[in-house]
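Visitor: One file: structure-v4.json (JSON, C-alpha atoms).
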```
[["chain", "number", "residue", "atom", "x", "y", "z"],
["A", 1, "MET", "CA", 0.00, 0.00, 0.00],
["A", 2, "LYS", "CA", 0.99, 3.63, -0.50],
["A", 3, "LYS", "CA", 0.04, 6.47, 1.80],
["A", 4, "SER", "CA", -1.67, 9.69, 0.81],
["A", 5, "ILE", "CA", -3.11, 12.66, 2.68],
["A", 6, "SER", "CA", -6.29, 14.61, 2.00],
["A", 7, "TYR", "CA", -5.96, 18.27, 1.06],
["A", 8, "TRP", "CA", -8.65, 18.97, 3.68],
["A", 9, "SER", "CA", -6.11, 18.01, 6.36],
["A", 10, "PHE", "CA", -4.19, 21.23, 5.68],
["A", 11, "SER", "CA", -4.98, 24.62, 7.15],
["A", 12, "GLY", "CA", -4.28, 27.88, 5.34],
["A", 13, "LYS", "CA", -2.25, 26.34, 2.50],
["A", 14, "ASN", "CA", -2.83, 26.46, -1.22],
["A", 15, "VAL", "CA", -2.46, 23.27, -3.24],
["A", 16, "PHE", "CA", 1.20, 23.90, -4.07],
["A", 17, "GLN", "CA", 2.14, 24.55, -0.44],
["A", 18, "ALA", "CA", 0.17, 21.48, 0.69],
["A", 19, "MET", "CA", 1.92, 19.26, -1.84],
["A", 20, "GLN", "CA", 5.32, 20.43, -0.63],
["A", 21, "THR", "CA", 4.40, 19.75, 3.00],
["A", 22, "ALA", "CA", 2.98, 16.32, 2.10],
["A", 23, "LYS", "CA", 6.24, 15.45, 0.39],
["A", 24, "ASP", "CA", 8.30, 16.72, 3.29],
["A", 25, "ALA", "CA", 6.21, 14.63, 5.69],
["A", 26, "GLY", "CA", 6.91, 11.45, 3.74],
["A", 27, "PHE", "CA", 3.63, 10.91, 1.91],
["A", 28, "ASP", "CA", 3.62, 9.21, -1.48],
["A", 29, "GLY", "CA", 0.60, 11.15, -2.71],
["A", 30, "ILE", "CA", -2.05, 13.74, -1.92],
["A", 31, "GLU", "CA", -5.79, 13.59, -2.51],
["A", 32, "LEU", "CA", -6.89, 16.90, -4.00],
["A", 33, "THR", "CA", -10.42, 18.23, -3.57],
["A", 34, "LEU", "CA", -12.93, 19.91, -5.84],
["A", 35, "ASP", "CA", -14.44, 22.75, -3.82],
["A", 36, "ALA", "CA", -16.42, 25.95, -4.26],
["A", 37, "GLU", "CA", -13.27, 28.04, -3.76],
["A", 38, "GLY", "CA", -9.52, 27.45, -4.01],
["A", 39, "ASP", "CA", -7.10, 26.05, -6.57],
["A", 40, "VAL", "CA", -9.43, 23.28, -7.79],
["A", 41, "THR", "CA", -13.00, 24.34, -8.54],
["A", 42, "MET", "CA", -15.50, 23.78, -11.31],
["A", 43, "GLN", "CA", -14.04, 26.90, -12.95],
["A", 44, "THR", "CA", -10.38, 25.85, -12.80],
["A", 45, "THR", "CA", -8.83, 25.91, -16.24],
["A", 46, "ALA", "CA", -7.16, 22.97, -17.92],
["A", 47, "ALA", "CA", -3.92, 24.97, -17.92],
["A", 48, "HIS", "CA", -4.01, 25.39, -14.14],
["A", 49, "LEU", "CA", -4.76, 21.70, -13.60],
["A", 50, "ALA", "CA", -1.79, 20.89, -15.83],
["A", 51, "GLU", "CA", 0.36, 23.21, -13.71],
["A", 52, "ILE", "CA", -0.74, 21.39, -10.53],
["A", 53, "ARG", "CA", -0.05, 18.00, -12.10],
["A", 54, "SER", "CA", 3.38, 19.13, -13.27],
["A", 55, "ALA", "CA", 4.25, 20.49, -9.82],
["A", 56, "ALA", "CA", 3.27, 17.17, -8.23],
["A", 57, "GLN", "CA", 5.39, 15.24, -10.71],
["A", 58, "ALA", "CA", 8.36, 17.51, -10.00],
["A", 59, "LEU", "CA", 8.02, 16.63, -6.31],
["A", 60, "GLY", "CA", 7.67, 12.93, -7.04],
["A", 61, "LEU", "CA", 4.20, 13.07, -5.50],
["A", 62, "ALA", "CA", 1.23, 11.12, -6.92],
["A", 63, "LEU", "CA", -2.32, 12.46, -7.23],
["A", 64, "PRO", "CA", -4.26, 9.21, -6.84],
["A", 65, "SER", "CA", -7.76, 10.50, -6.16],
["A", 66, "VAL", "CA", -10.06, 13.52, -6.04],
["A", 67, "ALA", "CA", -12.75, 14.21, -3.43],
["A", 68, "SER", "CA", -15.32, 17.02, -3.38],
["A", 69, "SER", "CA", -17.20, 19.07, -0.81],
["A", 70, "LEU", "CA", -19.79, 20.06, -3.41],
["A", 71, "PHE", "CA", -22.00, 17.04, -2.70],
["A", 72, "TRP", "CA", -23.02, 18.58, 0.63],
["A", 73, "ALA", "CA", -24.28, 21.64, -1.27],
["A", 74, "TYR", "CA", -25.78, 19.65, -4.16],
["A", 75, "SER", "CA", -27.36, 16.32, -3.27],
["A", 76, "PHE", "CA", -28.13, 13.53, -5.73],
["A", 77, "THR", "CA", -31.20, 12.70, -3.64],
["A", 78, "SER", "CA", -32.67, 16.17, -3.16],
["A", 79, "ASP", "CA", -36.39, 16.75, -3.74],
["A", 80, "ASP", "CA", -35.33, 19.53, -6.12],
["A", 81, "PRO", "CA", -34.54, 18.15, -9.60],
["A", 82, "ASP", "CA", -32.41, 21.21, -10.37],
["A", 83, "GLU", "CA", -30.22, 20.45, -7.37],
["A", 84, "ARG", "CA", -29.90, 16.84, -8.45],
["A", 85, "GLU", "CA", -28.71, 18.07, -11.84],
["A", 86, "GLN", "CA", -26.17, 20.34, -10.13],
["A", 87, "ALA", "CA", -24.85, 17.30, -8.25],
["A", 88, "HIS", "CA", -24.54, 15.45, -11.54],
["A", 89, "GLN", "CA", -22.62, 18.29, -13.16],
["A", 90, "ALA", "CA", -20.31, 18.51, -10.13],
["A", 91, "ALA", "CA", -19.58, 14.78, -10.42],
["A", 92, "VAL", "CA", -18.91, 15.06, -14.16],
["A", 93, "CYS", "CA", -16.50, 17.93, -13.45],
["A", 94, "GLU", "CA", -14.86, 15.86, -10.70],
["A", 95, "ILE", "CA", -14.31, 12.99, -13.14],
["A", 96, "GLN", "CA", -12.85, 15.35, -15.74],
["A", 97, "THR", "CA", -10.65, 16.97, -13.09],
["A", 98, "ALA", "CA", -9.35, 13.59, -11.93],
["A", 99, "LYS", "CA", -8.48, 12.62, -15.50],
["A", 100, "ALA", "CA", -6.66, 15.92, -16.05],
["A", 101, "LEU", "CA", -4.66, 15.45, -12.84],
["A", 102, "GLY", "CA", -3.78, 11.82, -13.58],
["A", 103, "ALA", "CA", -5.90, 10.43, -10.74],
["A", 104, "ASP", "CA", -7.83, 7.20, -11.21],
["A", 105, "THR", "CA", -10.63, 7.57, -8.64],
["A", 106, "VAL", "CA", -13.17, 10.16, -7.52],
["A", 107, "LEU", "CA", -14.95, 10.13, -4.18],
["A", 108, "VAL", "CA", -18.71, 10.61, -4.48],
["A", 109, "VAL", "CA", -21.35, 11.07, -1.76],
["A", 110, "PRO", "CA", -24.40, 9.41, -3.36],
["A", 111, "GLY", "CA", -26.96, 11.48, -1.47],
["A", 112, "SER", "CA", -28.42, 11.50, 2.01],
["A", 113, "VAL", "CA", -31.47, 10.81, 4.09],
["A", 114, "SER", "CA", -30.25, 13.62, 6.35],
["A", 115, "VAL", "CA", -26.94, 15.11, 7.40],
["A", 116, "GLU", "CA", -26.04, 15.74, 11.04],
["A", 117, "PHE", "CA", -23.68, 18.61, 10.24],
["A", 118, "VAL", "CA", -26.04, 20.21, 7.68],
["A", 119, "PRO", "CA", -29.22, 20.29, 9.81],
["A", 120, "GLU", "CA", -31.00, 22.67, 7.46],
["A", 121, "ARG", "CA", -31.05, 20.04, 4.70],
["A", 122, "PRO", "CA", -34.52, 18.46, 4.43],
["A", 123, "VAL", "CA", -34.98, 14.82, 5.35],
["A", 124, "VAL", "CA", -35.52, 12.50, 2.37],
["A", 125, "ALA", "CA", -37.43, 9.24, 2.83],
["A", 126, "TYR", "CA", -35.03, 6.30, 2.89],
["A", 127, "ASP", "CA", -36.62, 4.39, 0.01],
["A", 128, "VAL", "CA", -36.80, 7.56, -2.10],
["A", 129, "CYS", "CA", -33.15, 8.24, -1.31],
["A", 130, "TRP", "CA", -32.23, 4.72, -2.46],
["A", 131, "GLU", "CA", -34.07, 4.99, -5.78],
["A", 132, "ARG", "CA", -32.75, 8.46, -6.60],
["A", 133, "ALA", "CA", -29.17, 7.61, -5.63],
["A", 134, "LEU", "CA", -29.27, 4.39, -7.63],
["A", 135, "GLN", "CA", -30.64, 6.18, -10.69],
["A", 136, "GLU", "CA", -28.00, 8.92, -10.46],
["A", 137, "MET", "CA", -25.09, 6.51, -9.99],
["A", 138, "LYS", "CA", -26.27, 4.47, -12.99],
["A", 139, "ARG", "CA", -26.35, 7.72, -14.96],
["A", 140, "LEU", "CA", -22.77, 8.53, -13.92],
["A", 141, "ALA", "CA", -21.35, 5.05, -14.50],
["A", 142, "PRO", "CA", -20.95, 5.24, -18.31],
["A", 143, "ILE", "CA", -19.30, 8.67, -17.99],
["A", 144, "ALA", "CA", -16.75, 7.20, -15.60],
["A", 145, "GLU", "CA", -16.28, 4.18, -17.86],
["A", 146, "ASP", "CA", -15.61, 6.39, -20.90],
["A", 147, "ALA", "CA", -13.09, 8.45, -18.90],
["A", 148, "GLY", "CA", -11.36, 5.41, -17.40],
["A", 149, "ILE", "CA", -12.01, 6.76, -13.89],
["A", 150, "ASN", "CA", -13.34, 4.86, -10.88],
["A", 151, "ILE", "CA", -16.20, 6.22, -8.79],
["A", 152, "GLY", "CA", -15.77, 5.45, -5.11],
["A", 153, "ILE", "CA", -19.00, 5.81, -3.14],
["A", 154, "GLU", "CA", -18.09, 6.73, 0.42],
["A", 155, "ASN", "CA", -19.71, 5.49, 3.60],
["A", 156, "VAL", "CA", -20.38, 8.84, 5.25],
["A", 157, "TRP", "CA", -22.64, 10.09, 8.03],
["A", 158, "ASN", "CA", -25.63, 10.56, 5.71],
["A", 159, "ARG", "CA", -28.01, 8.09, 7.42],
["A", 160, "PHE", "CA", -27.94, 6.07, 4.22],
["A", 161, "LEU", "CA", -26.25, 2.79, 3.24],
["A", 162, "LEU", "CA", -25.90, 2.01, 6.91],
["A", 163, "SER", "CA", -24.52, -1.52, 6.69],
["A", 164, "PRO", "CA", -21.90, -3.29, 4.59],
["A", 165, "LEU", "CA", -24.55, -5.67, 3.25],
["A", 166, "GLU", "CA", -26.61, -2.72, 2.05],
["A", 167, "MET", "CA", -23.60, -0.99, 0.51],
["A", 168, "ARG", "CA", -22.68, -4.20, -1.30],
["A", 169, "GLN", "CA", -26.22, -4.59, -2.67],
["A", 170, "PHE", "CA", -26.28, -0.95, -3.79],
["A", 171, "LEU", "CA", -22.99, -1.26, -5.67],
["A", 172, "ASP", "CA", -24.02, -4.54, -7.28],
["A", 173, "GLU", "CA", -27.30, -3.03, -8.49],
["A", 174, "ILE", "CA", -25.35, -0.23, -10.21],
["A", 175, "GLY", "CA", -23.60, -3.00, -12.09],
["A", 176, "SER", "CA", -20.44, -1.23, -13.26],
["A", 177, "GLU", "CA", -16.85, -2.32, -12.67],
["A", 178, "ARG", "CA", -16.00, 1.38, -12.49],
["A", 179, "VAL", "CA", -18.29, 2.04, -9.51],
["A", 180, "GLY", "CA", -17.22, 0.73, -6.13],
["A", 181, "ALA", "CA", -16.67, 1.82, -2.56],
["A", 182, "TYR", "CA", -14.43, 4.53, -1.19],
["A", 183, "PHE", "CA", -14.17, 2.92, 2.22],
["A", 184, "ASP", "CA", -13.60, 5.18, 5.23],
["A", 185, "VAL", "CA", -12.29, 3.15, 8.16],
["A", 186, "GLY", "CA", -13.17, 5.68, 10.85],
["A", 187, "ASN", "CA", -16.68, 6.49, 9.67],
["A", 188, "VAL", "CA", -18.16, 3.11, 10.65],
["A", 189, "VAL", "CA", -16.69, 2.74, 14.13],
["A", 190, "HIS", "CA", -19.61, 4.51, 15.84],
["A", 191, "SER", "CA", -21.99, 1.77, 14.67],
["A", 192, "GLY", "CA", -19.89, -1.22, 13.65],
["A", 193, "TYR", "CA", -16.52, -2.71, 12.81],
["A", 194, "PRO", "CA", -14.45, -1.68, 9.78],
["A", 195, "GLU", "CA", -12.90, -5.13, 9.43],
["A", 196, "HIS", "CA", -16.40, -6.54, 8.80],
["A", 197, "TRP", "CA", -17.08, -3.96, 6.10],
["A", 198, "ILE", "CA", -13.76, -4.67, 4.41],
["A", 199, "ARG", "CA", -14.38, -8.38, 4.08],
["A", 200, "ILE", "CA", -17.98, -7.95, 2.92],
["A", 201, "LEU", "CA", -17.18, -5.29, 0.31],
["A", 202, "GLY", "CA", -14.04, -7.12, -0.82],
["A", 203, "LYS", "CA", -12.90, -6.28, -4.35],
["A", 204, "ARG", "CA", -15.52, -3.54, -4.59],
["A", 205, "ILE", "CA", -13.24, -1.25, -2.55],
["A", 206, "LYS", "CA", -11.54, 1.23, -4.87],
["A", 207, "LYS", "CA", -9.80, 3.49, -2.35],
["A", 208, "VAL", "CA", -9.53, 3.86, 1.42],
["A", 209, "HIS", "CA", -9.59, 6.69, 3.95],
["A", 210, "PHE", "CA", -7.78, 6.23, 7.26],
["A", 211, "LYS", "CA", -9.28, 7.97, 10.30],
["A", 212, "ASP", "CA", -9.70, 6.97, 13.92],
["A", 213, "PHE", "CA", -12.70, 7.34, 16.22],
["A", 214, "ARG", "CA", -13.59, 6.93, 19.90],
["A", 215, "ARG", "CA", -16.95, 5.30, 20.51],
["A", 216, "ASN", "CA", -17.39, 6.97, 23.89],
["A", 217, "PRO", "CA", -18.80, 9.63, 24.05],
["A", 218, "GLY", "CA", -19.48, 9.47, 20.29],
["A", 219, "GLY", "CA", -20.44, 12.24, 17.89],
["A", 220, "LEU", "CA", -18.45, 14.24, 15.36],
["A", 221, "ASN", "CA", -15.96, 15.40, 18.01],
["A", 222, "SER", "CA", -14.93, 11.79, 18.58],
["A", 223, "PHE", "CA", -12.72, 11.66, 15.48],
["A", 224, "VAL", "CA", -9.19, 11.55, 16.86],
["A", 225, "ASP", "CA", -5.60, 11.10, 15.75],
["A", 226, "ILE", "CA", -4.87, 7.80, 14.04],
["A", 227, "LEU", "CA", -3.82, 5.13, 16.58],
["A", 228, "SER", "CA", -5.50, 6.99, 19.46],
["A", 229, "GLY", "CA", -9.06, 5.75, 18.91],
["A", 230, "ASP", "CA", -11.01, 2.49, 18.90],
["A", 231, "VAL", "CA", -10.13, 1.22, 15.42],
["A", 232, "ASP", "CA", -8.61, -2.25, 15.75],
["A", 233, "TRP", "CA", -5.80, -1.58, 13.31],
["A", 234, "PRO", "CA", -4.30, -5.11, 13.35],
["A", 235, "ALA", "CA", -7.74, -6.52, 12.51],
["A", 236, "VAL", "CA", -8.25, -3.88, 9.80],
["A", 237, "MET", "CA", -4.91, -4.65, 8.16],
["A", 238, "GLN", "CA", -5.59, -8.39, 8.31],
["A", 239, "ALA", "CA", -8.94, -7.80, 6.59],
["A", 240, "PHE", "CA", -7.25, -5.80, 3.83],
["A", 241, "ALA", "CA", -4.72, -8.61, 3.40],
["A", 242, "ASP", "CA", -7.54, -11.15, 3.24],
["A", 243, "ILE", "CA", -9.25, -9.35, 0.33],
["A", 244, "GLY", "CA", -5.97, -8.55, -1.43],
["A", 245, "TYR", "CA", -6.29, -4.76, -1.18],
["A", 246, "ASP", "CA", -2.95, -3.14, -2.00],
["A", 247, "ASP", "CA", -3.97, 0.29, -3.26],
["A", 248, "TRP", "CA", -3.81, 3.77, -1.72],
["A", 249, "VAL", "CA", -4.76, 4.68, 1.85],
["A", 250, "THR", "CA", -5.40, 8.36, 2.47],
["A", 251, "GLY", "CA", -5.37, 10.08, 5.84],
["A", 252, "GLU", "CA", -8.32, 12.44, 6.20],
["A", 253, "MET", "CA", -7.75, 14.53, 9.32],
["A", 254, "ILE", "CA", -10.62, 16.97, 9.86],
["A", 255, "PRO", "CA", -10.36, 19.40, 11.51],
["A", 256, "PRO", "CA", -6.63, 20.16, 11.56],
["A", 257, "TYR", "CA", -4.91, 21.26, 14.76],
["A", 258, "THR", "CA", -5.73, 24.72, 16.10],
["A", 259, "HIS", "CA", -2.04, 25.55, 16.55],
["A", 260, "ALA", "CA", 1.02, 24.33, 14.65],
["A", 261, "SER", "CA", -1.40, 22.87, 12.13],
["A", 262, "ASP", "CA", 1.36, 21.32, 10.01],
["A", 263, "GLN", "CA", 2.11, 18.91, 12.86],
["A", 264, "ILE", "CA", -1.00, 16.87, 12.10],
["A", 265, "ILE", "CA", 0.46, 16.07, 8.67],
["A", 266, "TYR", "CA", 3.72, 14.75, 10.13],
["A", 267, "ASN", "CA", 1.96, 12.85, 12.93],
["A", 268, "THR", "CA", -0.45, 11.25, 10.47],
["A", 269, "SER", "CA", 2.37, 10.21, 8.15],
["A", 270, "ALA", "CA", 4.20, 8.53, 11.02],
["A", 271, "SER", "CA", 1.07, 6.77, 12.28],
["A", 272, "ILE", "CA", 0.05, 5.47, 8.85],
["A", 273, "GLY", "CA", 3.61, 4.34, 8.29],
["A", 274, "ARG", "CA", 3.51, 2.23, 11.46],
["A", 275, "ILE", "CA", 0.18, 0.73, 10.45],
["A", 276, "LEU", "CA", 1.33, -0.16, 6.95],
["A", 277, "LYS", "CA", 4.45, -1.80, 8.39],
["A", 278, "LYS", "CA", 2.17, -3.61, 10.90],
["A", 279, "GLU", "CA", 4.40, -2.44, 13.72],
["A", 280, "PHE", "CA", 1.81, -2.77, 16.45]]
```
Using the file provided, produce a representation of the structure as structure tokens.

Guide:
Amino acid sequence: MKKSISYWSFSGKNVFQAMQTAKDAGFDGIELTLDAEGDVTMQTTAAHLAEIRSAAQALGLALPSVASSLFWAYSFTSDDPDEREQAHQAAVCEIQTAKALGADTVLVVPGSVSVEFVPERPVVAYDVCWERALQEMKRLAPIAEDAGINIGIENVWNRFLLSPLEMRQFLDEIGSERVGAYFDVGNVVHSGYPEHWIRILGKRIKKVHFKDFRRNPGGLNSFVDILSGDVDWPAVMQAFADIGYDDWVTGEMIPPYTHASDQIIYNTSASIGRILKKEF
């Protein structure tokens, strides 16, 4: 496996500064993000994306994947068809951006029943959410196939796709080799065990996020530094070995430290390094 770090783990740095810090900290790659503002947006020119890709290559740093915050603003399962179309266009742009950067996977949030950290978003009935999300992912699949890009559907706190069996069924109903799971280890600890998810999803896993989480007291503030939470990392690594996963793992540390924010990058690199070496 190779280790990467999410751009969202950085505070107050542009993409070029973040890439330099990631390299200095010992990461093999960085996951860039398509956002409303910053270096990578829906308005970013092909020339600027080429500049970013060239800068990464000069550092010897890979750009394996692209995530996006836009799916919290534009939901694939919204009651508003115009918003659903905006989500589609954001995903198409994300796929095109990934191709331009040389990445092979995009992270997609397929919609939500509700979102704890966006309380103003209306609740969508679970069965309606399923049907809309399935329809939208089937619509995206041929676009990803034509581009040669994988779509990784993430298990996020969206009160949807709440079990590994359900996620597996959802992916299988989409029926595309290009659409799989972007599995986040830390996101399932509040309600289950990541090693179970890994074995059940198996070869459907396209990419992986590393986070850690403390079950008690729970809630969003329970995401903690890697190796300091309740993730059973030996069991997780054994599960990855069992399914033959040997692709990228990306640290996603949100929020960054209040002070000396760069330190979270170096700490995360060291922790992931220990995990990948299985030095427990």

Visitor: Identify, on the basis of only C-alpha atoms, every residue whose closest approach to region 53-67 of chain A does not exceed 9 Å; exclude the query and any residue fewer than 5 positions from it along the same chain; express the result as a PyMOL selection string.

Guide: chain A and resi 4+6+16+19-20+22-23+27-35+48+94-95+97-98+100-108+207+248

Visitor: Could you name the residues that touch Tyr182 (chain A) at 7 Å or less, counting all atoms listed in the file, but leaving out those on the same chain fewer than 5 positions away, as a ChimeraX atom specification?

Guide: /A:107,152-154,205-208

Visitor: When you count only C-alpha atoms, which of these residues is closest to Leu171 (chain A): A:Ile143, A:Asn155, A:Gly38, A:Gln43?

Guide: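 Going through A:Ile143, A:Asn155, A:Gly38, A:Gln43 one by one, the smallest distance to Leu171 (chain A) is for A:Asn155.
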
Visitor: Which polymer residues have any atom within 12 Å of an atom of Asp172 (chain A), counting only C-alpha atoms, with same-chain residues fewer than 6 positions away left out, as an MDAnalysis selection string?

Guide: chainID A and resid 134 137:138 165:166 178:181 201 203:204

Visitor: Kindly give the distance, in Å, that separates CA of Asn150 (chain A) and CA of Cys129 (chain A), rounded to a single decimal.

Guide: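 About the pair CA of Asn150 (chain A) and CA of Cys129 (chain A): they are 22.3 Å apart.
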
Visitor: Can you rebuild region 48-64 of chain A with N, CA, C and O atoms and give it as a compact mmCIF listing (two decimals), in the frame of the given file?

Guide:
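What ended up in selection.txt:
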```txt
# COMPACT_ATOMS: atom_id res chain seq x y z
N HIS A 48 -4.38 25.38 -15.56
CA HIS A 48 -4.01 25.39 -14.14
C HIS A 48 -3.93 23.97 -13.59
O HIS A 48 -3.04 23.66 -12.78
N LEU A 49 -4.83 23.10 -14.02
CA LEU A 49 -4.76 21.70 -13.60
C LEU A 49 -3.46 21.06 -14.09
O LEU A 49 -2.84 20.28 -13.36
N ALA A 50 -3.05 21.41 -15.30
CA ALA A 50 -1.79 20.89 -15.83
C ALA A 50 -0.61 21.40 -15.01
O ALA A 50 0.36 20.66 -14.77
N GLU A 51 -0.70 22.64 -14.55
CA GLU A 51 0.36 23.21 -13.71
C GLU A 51 0.44 22.46 -12.38
O GLU A 51 1.54 22.15 -11.89
N ILE A 52 -0.71 22.14 -11.79
CA ILE A 52 -0.74 21.39 -10.53
C ILE A 52 -0.14 19.99 -10.74
O ILE A 52 0.69 19.53 -9.95
N ARG A 53 -0.55 19.35 -11.82
CA ARG A 53 -0.05 18.00 -12.10
C ARG A 53 1.47 18.02 -12.31
O ARG A 53 2.19 17.15 -11.80
N SER A 54 1.95 19.01 -13.02
CA SER A 54 3.38 19.13 -13.27
C SER A 54 4.15 19.37 -11.97
O SER A 54 5.23 18.80 -11.76
N ALA A 55 3.59 20.21 -11.09
CA ALA A 55 4.25 20.49 -9.82
C ALA A 55 4.33 19.22 -8.96
O ALA A 55 5.34 18.97 -8.30
N ALA A 56 3.26 18.43 -8.98
CA ALA A 56 3.27 17.17 -8.23
C ALA A 56 4.32 16.21 -8.78
O ALA A 56 5.07 15.57 -8.02
N GLN A 57 4.39 16.12 -10.08
CA GLN A 57 5.39 15.24 -10.71
C GLN A 57 6.80 15.68 -10.37
O GLN A 57 7.68 14.85 -10.12
N ALA A 58 7.04 16.99 -10.33
CA ALA A 58 8.36 17.51 -10.00
C ALA A 58 8.76 17.13 -8.58
O ALA A 58 9.94 16.93 -8.28
N LEU A 59 7.76 17.02 -7.70
CA LEU A 59 8.02 16.63 -6.31
C LEU A 59 8.13 15.12 -6.15
O LEU A 59 8.53 14.64 -5.07
N GLY A 60 7.74 14.38 -7.18
CA GLY A 60 7.67 12.93 -7.04
C GLY A 60 6.48 12.51 -6.21
O GLY A 60 6.50 11.49 -5.51
N LEU A 61 5.39 13.29 -6.31
CA LEU A 61 4.20 13.07 -5.50
C LEU A 61 3.04 12.67 -6.42
O LEU A 61 2.78 13.34 -7.42
N ALA A 62 2.36 11.58 -6.11
CA ALA A 62 1.23 11.12 -6.92
C ALA A 62 -0.05 11.85 -6.53
O ALA A 62 -0.19 12.35 -5.41
N LEU A 63 -0.99 11.91 -7.47
CA LEU A 63 -2.32 12.46 -7.23
C LEU A 63 -3.33 11.34 -7.50
O LEU A 63 -3.93 11.27 -8.57
N PRO A 64 -3.51 10.43 -6.55
CA PRO A 64 -4.26 9.21 -6.84
C PRO A 64 -5.76 9.37 -6.91
O PRO A 64 -6.45 8.55 -7.54
```
